[in-house]
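File shown: entry33.txt (compact mmCIF, C-alpha atoms and all ligand atoms).
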```
# COMPACT_ATOMS: atom_id res chain seq x y z
CA MET O 1075 212.43 7.05 -18.78
CA SER O 1076 212.17 3.43 -19.74
CA THR O 1077 208.86 1.69 -19.91
CA PRO O 1078 208.71 -1.65 -18.10
CA ALA O 1079 208.44 -4.44 -20.61
CA LYS O 1080 205.28 -6.00 -19.22
CA ARG O 1081 202.99 -3.31 -17.97
CA SER O 1082 199.45 -4.48 -17.40
CA HIS O 1083 196.52 -2.59 -18.88
CA SER O 1084 195.48 -1.68 -15.32
CA GLN O 1085 198.90 -0.19 -14.57
CA GLU O 1086 198.75 1.83 -17.74
CA ILE O 1087 195.30 3.21 -16.82
CA VAL O 1088 196.48 4.03 -13.28
CA GLU O 1089 199.39 6.03 -14.67
CA ARG O 1090 197.17 8.01 -17.03
CA ALA O 1091 194.65 8.57 -14.24
CA LYS O 1092 197.34 9.97 -11.93
CA GLN O 1093 198.23 12.62 -14.49
CA LEU O 1094 194.65 13.77 -14.96
CA ILE O 1095 192.84 13.20 -11.66
CA PRO O 1096 194.17 14.00 -8.15
CA GLY O 1097 195.66 10.76 -6.84
CA GLY O 1098 194.22 9.09 -9.93
CA VAL O 1099 190.87 8.66 -8.18
CA ASN O 1100 187.52 10.35 -7.79
CA SER O 1101 187.24 9.26 -4.14
CA PRO O 1102 190.34 8.85 -1.92
CA VAL O 1103 190.01 5.25 -0.65
CA ARG O 1104 189.99 3.96 -4.24
CA ALA O 1105 193.72 4.72 -4.39
CA PHE O 1106 194.47 1.62 -2.22
CA ARG O 1107 197.23 3.60 -0.49
CA ALA O 1108 196.55 2.27 3.00
CA VAL O 1109 197.13 -1.28 1.79
CA GLY O 1110 200.15 -0.60 -0.40
CA ALA O 1111 198.56 -2.12 -3.49
CA LEU O 1112 197.99 -0.98 -7.03
CA PRO O 1113 194.45 0.45 -7.32
CA LEU O 1114 192.10 -1.97 -8.97
CA ILE O 1115 190.61 -0.78 -12.26
CA ALA O 1116 187.12 -2.19 -12.61
CA ALA O 1117 185.87 -3.21 -16.02
CA ARG O 1118 182.62 -5.04 -15.31
CA GLY O 1119 180.60 -6.73 -12.62
CA ARG O 1120 178.04 -9.47 -12.46
CA GLY O 1121 176.46 -10.95 -9.35
CA SER O 1122 179.10 -11.29 -6.63
CA GLN O 1123 182.06 -10.84 -8.98
CA ILE O 1124 183.92 -8.07 -10.70
CA THR O 1125 186.47 -8.23 -13.50
CA ASP O 1126 189.40 -5.85 -13.70
CA ALA O 1127 190.84 -4.13 -16.77
CA ASP O 1128 193.12 -7.14 -17.34
CA GLY O 1129 190.31 -9.65 -17.24
CA LYS O 1130 191.06 -10.98 -13.74
CA TYR O 1131 188.05 -12.05 -11.64
CA TYR O 1132 187.46 -11.21 -7.98
CA ILE O 1133 184.78 -12.11 -5.47
CA ASP O 1134 183.75 -8.63 -4.42
CA TYR O 1135 183.14 -7.57 -0.82
CA ILE O 1136 183.30 -3.83 -1.52
CA GLY O 1137 179.88 -3.91 -3.18
CA ALA O 1138 180.39 -0.36 -4.50
CA TRP O 1139 180.80 0.65 -0.80
CA GLY O 1140 177.28 -0.38 0.12
CA PRO O 1141 174.73 0.13 -2.65
CA LEU O 1142 174.84 -3.32 -4.22
CA LEU O 1143 172.70 -5.37 -1.83
CA LEU O 1144 171.47 -7.38 -4.83
CA GLY O 1145 174.92 -7.70 -6.39
CA HIS O 1146 176.28 -6.32 -9.65
CA ALA O 1147 174.13 -5.84 -12.76
CA HIS O 1148 170.94 -7.24 -11.27
CA THR O 1149 168.47 -8.04 -14.07
CA ASP O 1150 165.54 -6.06 -12.63
CA VAL O 1151 167.70 -2.99 -12.09
CA GLU O 1152 169.17 -3.20 -15.59
CA ARG O 1153 165.72 -3.54 -17.13
CA ALA O 1154 164.27 -0.65 -15.13
CA VAL O 1155 167.12 1.68 -16.10
CA HIS O 1156 166.83 0.72 -19.79
CA GLN O 1157 163.11 1.39 -19.76
CA ALA O 1158 163.55 4.75 -18.05
CA LEU O 1159 166.30 5.68 -20.49
CA GLU O 1160 163.96 5.24 -23.40
CA ARG O 1161 161.60 7.82 -21.89
CA GLY O 1162 164.31 10.49 -21.37
CA THR O 1163 167.20 11.09 -18.98
CA ALA O 1164 166.00 14.17 -17.08
CA PHE O 1165 163.10 16.61 -17.03
CA GLY O 1166 163.63 18.88 -14.07
CA LEU O 1167 159.96 18.16 -13.41
CA THR O 1168 158.25 15.70 -11.11
CA THR O 1169 157.75 12.16 -12.42
CA GLU O 1170 155.47 9.45 -11.08
CA ALA O 1171 158.46 7.19 -10.35
CA GLU O 1172 159.72 9.65 -7.71
CA VAL O 1173 156.42 9.39 -5.90
CA ARG O 1174 156.70 5.62 -6.09
CA LEU O 1175 160.19 5.67 -4.56
CA ALA O 1176 158.98 8.00 -1.81
CA GLN O 1177 156.12 5.61 -1.13
CA LEU O 1178 158.44 2.57 -0.97
CA ILE O 1179 160.74 4.40 1.45
CA THR O 1180 158.00 5.61 3.77
CA GLU O 1181 156.39 2.16 3.84
CA ALA O 1182 159.64 0.47 4.81
CA VAL O 1183 160.76 3.13 7.28
CA PRO O 1184 157.73 4.31 9.29
CA SER O 1185 159.57 7.19 11.03
CA ILE O 1186 159.85 8.77 7.57
CA GLU O 1187 156.48 10.37 6.93
CA LYS O 1188 157.78 12.65 4.20
CA VAL O 1189 160.99 12.37 2.22
CA ARG O 1190 163.04 14.53 -0.14
CA LEU O 1191 165.29 12.92 -2.78
CA VAL O 1192 168.81 14.24 -3.43
CA ASN O 1193 171.83 12.94 -5.38
CA SER O 1194 174.18 11.55 -2.73
CA GLY O 1195 174.52 10.62 0.90
CA THR O 1196 176.56 13.76 1.48
CA GLU O 1197 173.74 15.91 0.17
CA ALA O 1198 171.30 14.05 2.38
CA THR O 1199 173.23 14.65 5.62
CA MET O 1200 174.07 18.23 4.67
CA SER O 1201 170.39 18.92 4.09
CA ALA O 1202 169.26 17.11 7.23
CA ILE O 1203 171.66 19.17 9.34
CA ARG O 1204 170.43 22.41 7.76
CA LEU O 1205 166.85 21.33 8.35
CA ALA O 1206 167.55 20.43 11.99
CA ARG O 1207 169.15 23.83 12.53
CA GLY O 1208 166.35 25.67 10.73
CA TYR O 1209 163.66 23.78 12.60
CA THR O 1210 165.14 24.09 16.09
CA ARG O 1211 166.71 27.53 15.50
CA ARG O 1212 169.87 26.24 17.15
CA ASN O 1213 173.35 25.84 15.68
CA LEU O 1214 175.35 23.13 17.46
CA VAL O 1215 175.48 19.56 16.17
CA VAL O 1216 176.75 16.53 18.07
CA LYS O 1217 178.51 13.80 16.08
CA PHE O 1218 180.57 10.76 17.05
CA ILE O 1219 184.29 10.31 16.58
CA GLY O 1220 184.95 7.92 13.70
CA CYS O 1221 181.47 8.26 12.20
CA TYR O 1222 181.42 9.52 8.62
CA HIS O 1223 178.49 11.45 7.21
CA GLY O 1224 179.85 12.41 3.80
CA HIS O 1225 182.15 15.32 3.10
CA VAL O 1226 179.91 18.02 4.55
CA ASP O 1227 182.08 20.86 5.97
CA SER O 1228 180.77 20.78 9.51
CA LEU O 1229 180.70 16.97 9.64
CA LEU O 1230 184.32 16.44 8.58
CA VAL O 1231 185.34 16.71 12.20
CA LYS O 1232 186.95 13.56 13.67
CA ALA O 1233 185.44 11.67 10.76
CA GLY O 1234 185.81 8.05 9.72
CA SER O 1235 186.19 6.41 6.29
CA GLY O 1236 188.94 7.92 4.11
CA VAL O 1237 189.56 10.69 6.65
CA ALA O 1238 190.54 8.04 9.20
CA THR O 1239 192.33 5.89 6.63
CA PHE O 1240 194.65 8.76 5.75
CA ALA O 1241 194.94 9.82 9.42
CA LEU O 1242 193.70 13.35 8.80
CA PRO O 1243 192.53 14.98 12.07
CA GLU O 1244 190.15 17.04 9.95
CA SER O 1245 190.05 18.39 6.44
CA ALA O 1246 191.94 21.48 5.34
CA GLY O 1247 189.53 24.02 3.91
CA VAL O 1248 186.96 23.71 6.69
CA PRO O 1249 186.98 27.04 8.54
CA PRO O 1250 187.50 26.57 12.31
CA GLU O 1251 184.36 28.66 12.77
CA PHE O 1252 182.35 25.89 11.05
CA ALA O 1253 184.11 23.09 12.89
CA ALA O 1254 183.43 24.88 16.18
CA LEU O 1255 179.71 24.23 15.65
CA THR O 1256 180.33 20.48 15.76
CA LEU O 1257 180.81 18.68 19.07
CA ALA O 1258 182.48 15.31 18.60
CA VAL O 1259 182.13 12.67 21.33
CA PRO O 1260 183.15 8.99 21.46
CA PHE O 1261 180.79 6.47 19.85
CA ASN O 1262 178.98 4.21 22.32
CA ASP O 1263 179.66 6.66 25.17
CA ALA O 1264 176.20 7.56 26.48
CA GLU O 1265 177.67 9.52 29.40
CA ALA O 1266 179.67 11.79 27.09
CA VAL O 1267 176.46 12.65 25.24
CA GLN O 1268 174.61 13.48 28.46
CA LYS O 1269 177.53 15.68 29.47
CA VAL O 1270 177.66 17.62 26.22
CA PHE O 1271 173.97 18.51 26.64
CA VAL O 1272 174.66 19.75 30.18
CA GLN O 1273 177.55 21.86 28.88
CA HIS O 1274 175.54 23.46 26.05
CA PRO O 1275 171.98 23.91 27.34
CA GLY O 1276 169.44 24.99 24.71
CA LYS O 1277 172.10 25.19 22.00
CA ILE O 1278 172.18 21.75 20.39
CA ALA O 1279 170.10 21.36 17.22
CA ALA O 1280 170.73 17.68 16.62
CA VAL O 1281 172.65 14.53 17.34
CA ILE O 1282 173.67 12.73 14.16
CA VAL O 1283 174.78 9.11 14.38
CA GLU O 1284 175.45 6.07 12.24
CA PRO O 1285 173.23 3.74 14.29
CA VAL O 1286 175.57 0.93 13.32
CA ALA O 1287 178.88 2.62 12.63
CA GLY O 1288 180.30 1.45 9.32
CA ASN O 1289 182.97 4.00 8.56
CA MET O 1290 185.48 3.14 11.30
CA GLY O 1291 184.99 -0.43 10.28
CA CYS O 1292 181.79 -2.04 11.49
CA VAL O 1293 181.01 -1.11 15.10
CA PRO O 1294 177.58 -2.02 16.48
CA PRO O 1295 175.86 0.16 19.08
CA LYS O 1296 176.13 -1.03 22.68
CA GLU O 1297 172.93 -2.09 24.36
CA GLY O 1298 170.99 1.03 25.35
CA PHE O 1299 173.24 3.52 23.53
CA LEU O 1300 170.72 4.47 20.84
CA GLN O 1301 167.97 4.52 23.48
CA THR O 1302 169.97 7.08 25.47
CA LEU O 1303 170.38 9.22 22.35
CA ARG O 1304 166.61 9.09 21.81
CA GLU O 1305 165.87 10.10 25.39
CA VAL O 1306 168.48 12.82 25.79
CA THR O 1307 167.60 14.55 22.49
CA ALA O 1308 163.85 14.46 23.21
CA ARG O 1309 164.39 15.81 26.72
CA ASN O 1310 166.50 18.70 25.41
CA GLY O 1311 164.44 19.71 22.38
CA ALA O 1312 167.11 18.51 19.92
CA LEU O 1313 166.50 16.27 16.92
CA LEU O 1314 167.88 12.77 16.59
CA ILE O 1315 169.22 12.10 13.09
CA PHE O 1316 169.97 8.52 12.10
CA ASP O 1317 172.41 8.53 9.22
CA GLU O 1318 171.27 5.32 7.56
CA VAL O 1319 172.99 5.97 4.24
CA MET O 1320 174.81 2.67 4.78
CA THR O 1321 172.44 0.77 7.09
CA GLY O 1322 169.14 1.67 5.42
CA PHE O 1323 167.73 -1.42 3.66
CA ARG O 1324 171.04 -3.13 4.60
CA VAL O 1325 170.75 -4.39 8.18
CA ALA O 1326 166.97 -4.73 7.80
CA ARG O 1327 164.43 -3.45 5.30
CA GLY O 1328 163.56 -0.68 7.75
CA GLY O 1329 167.24 -0.08 8.56
CA ALA O 1330 168.92 0.00 11.96
CA GLN O 1331 165.91 1.80 13.42
CA GLU O 1332 163.81 -1.29 12.72
CA LEU O 1333 166.52 -3.61 14.09
CA TYR O 1334 166.95 -1.69 17.36
CA GLY O 1335 163.40 -0.34 17.67
CA ILE O 1336 164.25 3.37 17.83
CA ARG O 1337 162.29 6.12 16.07
CA PRO O 1338 164.58 8.99 15.06
CA ASP O 1339 163.20 12.41 14.07
CA LEU O 1340 165.10 12.50 10.79
CA THR O 1341 166.78 9.78 8.72
CA THR O 1342 169.23 10.03 5.86
CA LEU O 1343 169.44 7.37 3.19
CA GLY O 1344 171.56 6.73 0.10
CA LYS O 1345 173.51 3.81 -1.35
CA ILE O 1346 170.96 0.95 -1.61
CA ILE O 1347 167.99 3.22 -2.44
CA GLY O 1348 169.78 4.19 -5.66
CA GLY O 1349 170.63 0.64 -6.70
CA GLY O 1350 174.11 1.75 -7.79
CA LEU O 1351 173.03 5.06 -9.30
CA PRO O 1352 173.41 8.40 -7.50
CA VAL O 1353 170.55 8.86 -5.03
CA GLY O 1354 170.28 10.13 -1.49
CA ALA O 1355 167.27 11.00 0.62
CA TYR O 1356 166.37 12.66 3.88
CA GLY O 1357 163.07 12.36 5.61
CA GLY O 1358 161.24 12.20 8.89
CA ARG O 1359 158.29 13.62 10.74
CA ALA O 1360 155.99 15.49 8.35
CA GLU O 1361 155.88 18.51 10.63
CA ILE O 1362 159.69 18.82 10.44
CA MET O 1363 159.90 18.07 6.71
CA ASP O 1364 157.33 20.79 6.03
CA THR O 1365 159.96 23.32 7.12
CA VAL O 1366 161.69 22.62 3.77
CA ALA O 1367 161.05 24.99 0.82
CA PRO O 1368 158.59 25.58 -0.79
CA GLU O 1369 156.52 24.67 2.33
CA GLY O 1370 158.90 26.39 4.70
CA PRO O 1371 162.01 28.54 5.06
CA VAL O 1372 164.78 25.90 4.86
CA TYR O 1373 166.15 25.97 1.32
CA GLN O 1374 167.33 22.86 -0.51
CA ALA O 1375 167.12 22.07 -4.22
CA GLY O 1376 168.69 20.00 -7.02
CA THR O 1377 168.74 20.10 -10.82
CA LEU O 1378 169.02 16.33 -11.06
CA ALA O 1379 167.30 15.46 -7.76
CA GLY O 1380 164.91 12.57 -8.32
CA ASN O 1381 166.63 11.78 -11.61
CA PRO O 1382 164.52 9.30 -13.63
CA LEU O 1383 167.31 6.75 -14.24
CA ALA O 1384 168.46 6.77 -10.62
CA VAL O 1385 164.91 6.59 -9.31
CA ALA O 1386 164.07 3.70 -11.65
CA ALA O 1387 167.03 1.74 -10.27
CA GLY O 1388 166.01 2.53 -6.70
CA VAL O 1389 162.39 1.51 -7.27
CA ALA O 1390 163.52 -1.77 -8.85
CA VAL O 1391 165.70 -2.61 -5.82
CA LEU O 1392 163.13 -1.67 -3.19
CA GLU O 1393 160.37 -3.57 -5.00
CA GLU O 1394 162.60 -6.64 -5.16
CA LEU O 1395 163.29 -6.30 -1.42
CA GLY O 1396 159.56 -6.06 -0.81
CA ARG O 1397 159.00 -9.32 -2.71
CA ARG O 1398 161.95 -11.31 -1.32
CA THR O 1399 160.90 -11.24 2.29
CA ASN O 1400 163.50 -13.78 3.43
CA ILE O 1401 166.44 -11.92 1.89
CA TYR O 1402 167.67 -10.53 5.23
CA SER O 1403 167.60 -13.88 7.00
CA GLU O 1404 169.50 -15.43 4.07
CA LEU O 1405 172.10 -12.66 4.22
CA GLU O 1406 172.35 -13.16 7.98
CA THR O 1407 172.95 -16.90 7.64
CA ARG O 1408 175.50 -16.62 4.84
CA THR O 1409 177.43 -13.75 6.40
CA ARG O 1410 177.47 -15.47 9.80
CA ARG O 1411 179.01 -18.55 8.21
CA LEU O 1412 181.64 -16.41 6.51
CA ALA O 1413 182.38 -14.49 9.72
CA GLU O 1414 182.64 -17.61 11.87
CA GLY O 1415 184.90 -19.23 9.28
CA LEU O 1416 187.21 -16.21 9.24
CA VAL O 1417 187.49 -16.13 13.02
CA GLU O 1418 188.19 -19.87 13.10
CA ALA O 1419 190.86 -19.55 10.39
CA ALA O 1420 192.53 -16.69 12.27
CA ARG O 1421 192.44 -18.66 15.54
CA LYS O 1422 194.09 -21.67 13.91
CA ALA O 1423 196.85 -19.44 12.52
CA LYS O 1424 197.13 -17.73 15.95
CA VAL O 1425 196.46 -14.32 14.45
CA PRO O 1426 194.53 -12.17 16.96
CA VAL O 1427 191.38 -10.72 15.38
CA CYS O 1428 188.09 -9.19 16.41
CA LEU O 1429 185.26 -9.64 13.96
CA ASN O 1430 182.36 -7.19 14.24
CA ARG O 1431 179.23 -7.92 12.28
CA VAL O 1432 175.64 -6.77 11.93
CA GLY O 1433 173.73 -8.71 9.27
CA SER O 1434 175.64 -8.51 5.99
CA MET O 1435 178.06 -5.80 7.22
CA PHE O 1436 181.32 -6.92 8.83
CA THR O 1437 184.89 -5.91 9.59
CA LEU O 1438 187.77 -8.14 10.53
CA PHE O 1439 189.89 -6.02 12.88
CA PHE O 1440 193.47 -7.16 13.44
CA THR O 1441 193.32 -6.72 17.19
CA SER O 1442 192.11 -8.98 19.97
CA GLY O 1443 189.43 -6.35 20.63
CA PRO O 1444 186.77 -5.65 21.63
CA VAL O 1445 186.27 -2.83 19.12
CA VAL O 1446 183.55 -0.51 20.40
CA ASP O 1447 184.62 2.94 19.23
CA PHE O 1448 187.24 4.74 17.16
CA GLU O 1449 189.92 4.46 19.83
CA THR O 1450 189.63 0.69 20.07
CA ALA O 1451 189.34 0.41 16.26
CA SER O 1452 192.59 2.35 15.99
CA ALA O 1453 194.32 -0.30 18.11
CA ALA O 1454 194.12 -2.65 15.11
CA ASP O 1455 197.36 -3.60 13.39
CA ARG O 1456 197.00 -1.88 10.03
CA GLU O 1457 200.20 -3.38 8.62
CA ARG O 1458 198.79 -6.81 9.26
CA PHE O 1459 195.48 -5.86 7.76
CA ALA O 1460 197.29 -4.59 4.65
CA ALA O 1461 199.29 -7.82 4.31
CA PHE O 1462 196.10 -9.85 4.66
CA PHE O 1463 194.30 -7.63 2.15
CA ARG O 1464 197.09 -8.08 -0.43
CA ALA O 1465 197.25 -11.84 0.06
CA MET O 1466 193.50 -12.05 -0.48
CA LEU O 1467 193.55 -9.70 -3.49
CA GLU O 1468 196.31 -11.70 -5.21
CA ARG O 1469 194.13 -14.79 -4.80
CA GLY O 1470 191.00 -13.17 -6.21
CA ILE O 1471 189.17 -11.92 -3.11
CA LEU O 1472 188.46 -8.19 -3.01
CA LEU O 1473 188.01 -6.73 0.48
CA PRO O 1474 187.61 -3.02 1.20
CA PRO O 1475 191.15 -1.57 1.05
CA SER O 1476 191.20 -0.12 4.56
CA GLN O 1477 190.93 -1.37 8.13
CA PHE O 1478 188.36 1.41 8.71
CA GLU O 1479 185.81 0.23 6.17
CA THR O 1480 183.01 -2.31 6.23
CA ALA O 1481 182.82 -5.36 3.98
CA PHE O 1482 179.45 -6.19 2.43
CA VAL O 1483 177.92 -9.51 1.49
CA SER O 1484 175.24 -9.28 -1.20
CA ALA O 1485 172.29 -11.48 -2.05
CA ALA O 1486 174.28 -12.58 -5.10
CA HIS O 1487 177.04 -14.16 -2.99
CA THR O 1488 176.70 -17.93 -2.99
CA ASP O 1489 177.72 -20.63 -0.53
CA ARG O 1490 180.46 -21.47 -3.01
CA ASP O 1491 181.74 -17.85 -2.80
CA VAL O 1492 181.86 -18.18 0.98
CA GLU O 1493 183.80 -21.45 0.76
CA THR O 1494 186.28 -20.01 -1.75
CA THR O 1495 186.75 -16.96 0.44
CA LEU O 1496 187.42 -19.10 3.52
CA GLU O 1497 189.88 -21.36 1.71
CA THR O 1498 191.72 -18.27 0.52
CA ALA O 1499 191.63 -16.71 3.99
CA ARG O 1500 193.25 -19.83 5.48
CA GLU O 1501 196.16 -19.42 3.06
CA ALA O 1502 196.39 -15.68 3.78
CA PHE O 1503 196.41 -16.18 7.55
CA ALA O 1504 199.06 -18.87 7.21
CA LEU O 1505 201.26 -16.36 5.40
CA LEU O 1506 200.75 -13.80 8.21
CA ALA O 1507 201.59 -16.34 10.86
CA GLU O 1508 204.95 -17.11 9.24
C1 LIG T 1 178.56 6.65 2.29
C2 LIG T 1 178.05 7.41 3.46
C3 LIG T 1 177.73 8.77 3.38
C4 LIG T 1 178.06 9.59 2.17
O1 LIG T 1 177.36 9.21 1.04
P1 LIG T 1 177.94 9.67 -0.40
O2 LIG T 1 176.91 9.15 -1.35
O3 LIG T 1 179.28 9.04 -0.52
O4 LIG T 1 178.01 11.15 -0.38
C5 LIG T 1 177.14 9.37 4.47
N1 LIG T 1 176.88 8.68 5.58
C6 LIG T 1 177.17 7.38 5.71
C7 LIG T 1 176.83 6.66 6.96
C8 LIG T 1 177.78 6.70 4.66
O5 LIG T 1 178.11 5.42 4.81
```

Mind converting the file's structure to structure tokens?
Amino acid sequence: MSTPAKRSHSQEIVERAKQLIPGGVNSPVRAFRAVGALPLIAARGRGSQITDADGKYYIDYIGAWGPLLLGHAHTDVERAVHQALERGTAFGLTTEAEVRLAQLITEAVPSIEKVRLVNSGTEATMSAIRLARGYTRRNLVVKFIGCYHGHVDSLLVKAGSGVATFALPESAGVPPEFAALTLAVPFNDAEAVQKVFVQHPGKIAAVIVEPVAGNMGCVPPKEGFLQTLREVTARNGALLIFDEVMTGFRVARGGAQELYGIRPDLTTLGKIIGGGLPVGAYGGRAEIMDTVAPEGPVYQAGTLAGNPLAVAAGVAVLEELGRRTNIYSELETRTRRLAEGLVEAARKAKVPVCLNRVGSMFTLFFTSGPVVDFETASAADRERFAAFFRAMLERGILLPPSQFETAFVSAAHTDRDVETTLETAREAFALLAE
């Protein structure tokens, strides 16, 4: 086997990674397979930019898949983690900082009266589902096609994110008996939800939803959809779980539930509340949360749950969000300008697109749209998306490497970043139009 003369450092790392790690990645979408590109090897990040292993800069719209609302290597977060590190990395005992994070969460999200910290979004949804089942003493769970709630067995049914990217109907290794406890209905289809409750009276423990779907690309809820979920669950003695792992502290400080004025029974959080370190959380009405051990019979635990470094990062982010009260309106303005510019550039190049956006979350679908659920998202031209993605990447703009993912703008993105991105997009669209 001959070695190519000029192999980049990134290529060399990718090859080593492939020999040691399945697909060379620790999470499937990082392999960049859907876009036919070499996976990017990150070396460092600062503000809105990351640098790869060969020293090339990119304006980053992946944002670590959601956590980095304040951008890379934010000073407050760095300082907080350093300070925590000096006191010790883990105790397996309660620390005051955990109580502080719980307080910041409950203040920002009033439906969360009590909260439990875990290590990932997956753990949060897994635990919330168990709690809903334990509390209601029912087994069935309703989820929406194209929504992703982490890689929990029973929630990997008709899931979004990487599952959709790689066109897997469901995951191997999930026993059909588990999957049978999950009822999947189309997102934004209030009637389908009503029907499923009629078909399974007294059996449904919970409805779990991404209130703004972000894992089939960004798909906002239709007017009244979340309201219907609230009403139908309450009427049938089932719990409403908002999976706000992505939307919590993203679309508003109080998440999508603040934006749309809906009070779910349980909420899951992750991503932003860990400031780039591994944290998840689930919380809700105190009476429900008190069913969790040691108060109640639903068991859930974690050696590193509430880890001091992760909690310090989370506290630093949430405190900053508490201080910078205009951060969400700034993100709204900047992201709107970017979104409008992208649509305009596509129109000029006569490339049909549908841009969905809520606050600083957006997806540019390569279809004339509208995109309201997984079926309409799937109508997008993925080849075209991939070509656009590669053209942008070559020119230093990093988008999420799948049509079924959401791009994130952070508070560290500048007007200049937006302008550069739009200039680059005009070139990329021109290439597609050729
Ligand atoms: C990212 C995500 C998860 C999973 O979180 P992990 O930390 O990756 O386990 C769950 N739900 C939603 C809505 C997410 O976006």

Within 7 Å of ligand LIG 1 (chain T) (counting only C-alpha atoms and all ligand atoms), which residues show up? I'd like them as an MDAnalysis selection string.
chainID O and resid 1194:1197 1199 1222:1225 1284 1288:1289 1317:1320 1344:1345 1354

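Candidate residues O:Leu1383, O:Val1286, O:Val1281, O:Val1216 were compared for distance to Pro1338 (chain O), and the nearest is O:Val1281, using all atoms listed in the file.
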
Using only C-alpha atoms, can you list as a PDB file with C-alpha atoms, keeping the file's coordinate frame the residues within 12 Å of (194.2, -24.7, 11.8)?
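As a result, result-v7.pdb now contains:
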```
ATOM      1  CA  GLY O1415     184.900 -19.230   9.280  1.00  0.00           C
ATOM      2  CA  LEU O1416     187.210 -16.210   9.240  1.00  0.00           C
ATOM      3  CA  VAL O1417     187.490 -16.130  13.020  1.00  0.00           C
ATOM      4  CA  GLU O1418     188.190 -19.870  13.100  1.00  0.00           C
ATOM      5  CA  ALA O1419     190.860 -19.550  10.390  1.00  0.00           C
ATOM      6  CA  ALA O1420     192.530 -16.690  12.270  1.00  0.00           C
ATOM      7  CA  ARG O1421     192.440 -18.660  15.540  1.00  0.00           C
ATOM      8  CA  LYS O1422     194.090 -21.670  13.910  1.00  0.00           C
ATOM      9  CA  ALA O1423     196.850 -19.440  12.520  1.00  0.00           C
ATOM     10  CA  LYS O1424     197.130 -17.730  15.950  1.00  0.00           C
ATOM     11  CA  VAL O1425     196.460 -14.320  14.450  1.00  0.00           C
ATOM     12  CA  GLU O1497     189.880 -21.360   1.710  1.00  0.00           C
ATOM     13  CA  ALA O1499     191.630 -16.710   3.990  1.00  0.00           C
ATOM     14  CA  ARG O1500     193.250 -19.830   5.480  1.00  0.00           C
ATOM     15  CA  GLU O1501     196.160 -19.420   3.060  1.00  0.00           C
ATOM     16  CA  PHE O1503     196.410 -16.180   7.550  1.00  0.00           C
ATOM     17  CA  ALA O1504     199.060 -18.870   7.210  1.00  0.00           C
ATOM     18  CA  ALA O1507     201.590 -16.340  10.860  1.00  0.00           C
TER      19      ALA O1507
END
```

Return as a tab-separated table the residues of region 1405-1460 of chain O lying at most 9 Å from region 1106-1109 of chain O, together with the closest atom-to-atom pair for each and the distance in Å to one decimal, counting only C-alpha atoms, with rows in chain order and ascending residue number.
```
residue	atom	partner	partner_atom	distance
O:Arg1456	CA	O:Ala1108	CA	8.2
O:Glu1457	CA	O:Val1109	CA	7.8
O:Phe1459	CA	O:Val1109	CA	7.7
O:Ala1460	CA	O:Val1109	CA	4.4
```

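Those DNA, RNA and protein residues that approach the point (179.9, 28.8, 10.4) to within 12 Å, considering all atoms listed in the file, are Arg1204, Asn1213, Leu1214, Val1215, Asp1227, Ser1228, Leu1229, Val1248, Pro1249, Pro1250, Glu1251, Phe1252, Ala1253, Ala1254, Leu1255 and Thr1256 of chain O.
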
Would you mind reading off the distance between CA of Ala1246 (chain O) and CA of Leu1230 (chain O), one decimal, in Å?
9.7 Å

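Rounded to one decimal, CA of Thr1210 (chain O) and CA of Ala1258 (chain O) lie 19.6 Å from each other.
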
Compile the contact shell of Arg1207 (chain O) as a JSON list (two decimals) with C-alpha atoms, in the coordinates of the input: residues with an atom at most 12 Å away, counting all atoms listed in the file, same-chain residues fewer than 3 positions apart removed.
```
[["chain", "number", "residue", "atom", "x", "y", "z"],
["O", 1200, "MET", "CA", 174.07, 18.23, 4.67],
["O", 1201, "SER", "CA", 170.39, 18.92, 4.09],
["O", 1202, "ALA", "CA", 169.26, 17.11, 7.23],
["O", 1203, "ILE", "CA", 171.66, 19.17, 9.34],
["O", 1204, "ARG", "CA", 170.43, 22.41, 7.76],
["O", 1210, "THR", "CA", 165.14, 24.09, 16.09],
["O", 1211, "ARG", "CA", 166.71, 27.53, 15.50],
["O", 1212, "ARG", "CA", 169.87, 26.24, 17.15],
["O", 1213, "ASN", "CA", 173.35, 25.84, 15.68],
["O", 1214, "LEU", "CA", 175.35, 23.13, 17.46],
["O", 1215, "VAL", "CA", 175.48, 19.56, 16.17],
["O", 1216, "VAL", "CA", 176.75, 16.53, 18.07],
["O", 1255, "LEU", "CA", 179.71, 24.23, 15.65],
["O", 1277, "LYS", "CA", 172.10, 25.19, 22.00],
["O", 1278, "ILE", "CA", 172.18, 21.75, 20.39],
["O", 1279, "ALA", "CA", 170.10, 21.36, 17.22],
["O", 1280, "ALA", "CA", 170.73, 17.68, 16.62],
["O", 1281, "VAL", "CA", 172.65, 14.53, 17.34],
["O", 1311, "GLY", "CA", 164.44, 19.71, 22.38],
["O", 1312, "ALA", "CA", 167.11, 18.51, 19.92],
["O", 1313, "LEU", "CA", 166.50, 16.27, 16.92],
["O", 1314, "LEU", "CA", 167.88, 12.77, 16.59],
["O", 1315, "ILE", "CA", 169.22, 12.10, 13.09],
["O", 1362, "ILE", "CA", 159.69, 18.82, 10.44],
["O", 1365, "THR", "CA", 159.96, 23.32, 7.12],
["O", 1366, "VAL", "CA", 161.69, 22.62, 3.77],
["O", 1371, "PRO", "CA", 162.01, 28.54, 5.06],
["O", 1372, "VAL", "CA", 164.78, 25.90, 4.86],
["O", 1373, "TYR", "CA", 166.15, 25.97, 1.32]]
```

Excluding Glu1244 (chain O) and residues on its chain fewer than 4 positions from it, collect all residues at most 8 Å away from it, counting all atoms listed in the file, and give them as a short mmCIF file (atom, residue, chain, number, x, y, z; two decimals) with C-alpha atoms, in the frame of the given file.
```cif
data_model
loop_
_atom_site.label_atom_id
_atom_site.label_comp_id
_atom_site.auth_asym_id
_atom_site.auth_seq_id
_atom_site.Cartn_x
_atom_site.Cartn_y
_atom_site.Cartn_z
CA LEU O 1230 184.32 16.44 8.58
CA VAL O 1231 185.34 16.71 12.20
CA LYS O 1232 186.95 13.56 13.67
CA ALA O 1233 185.44 11.67 10.76
CA VAL O 1237 189.56 10.69 6.65
#
```
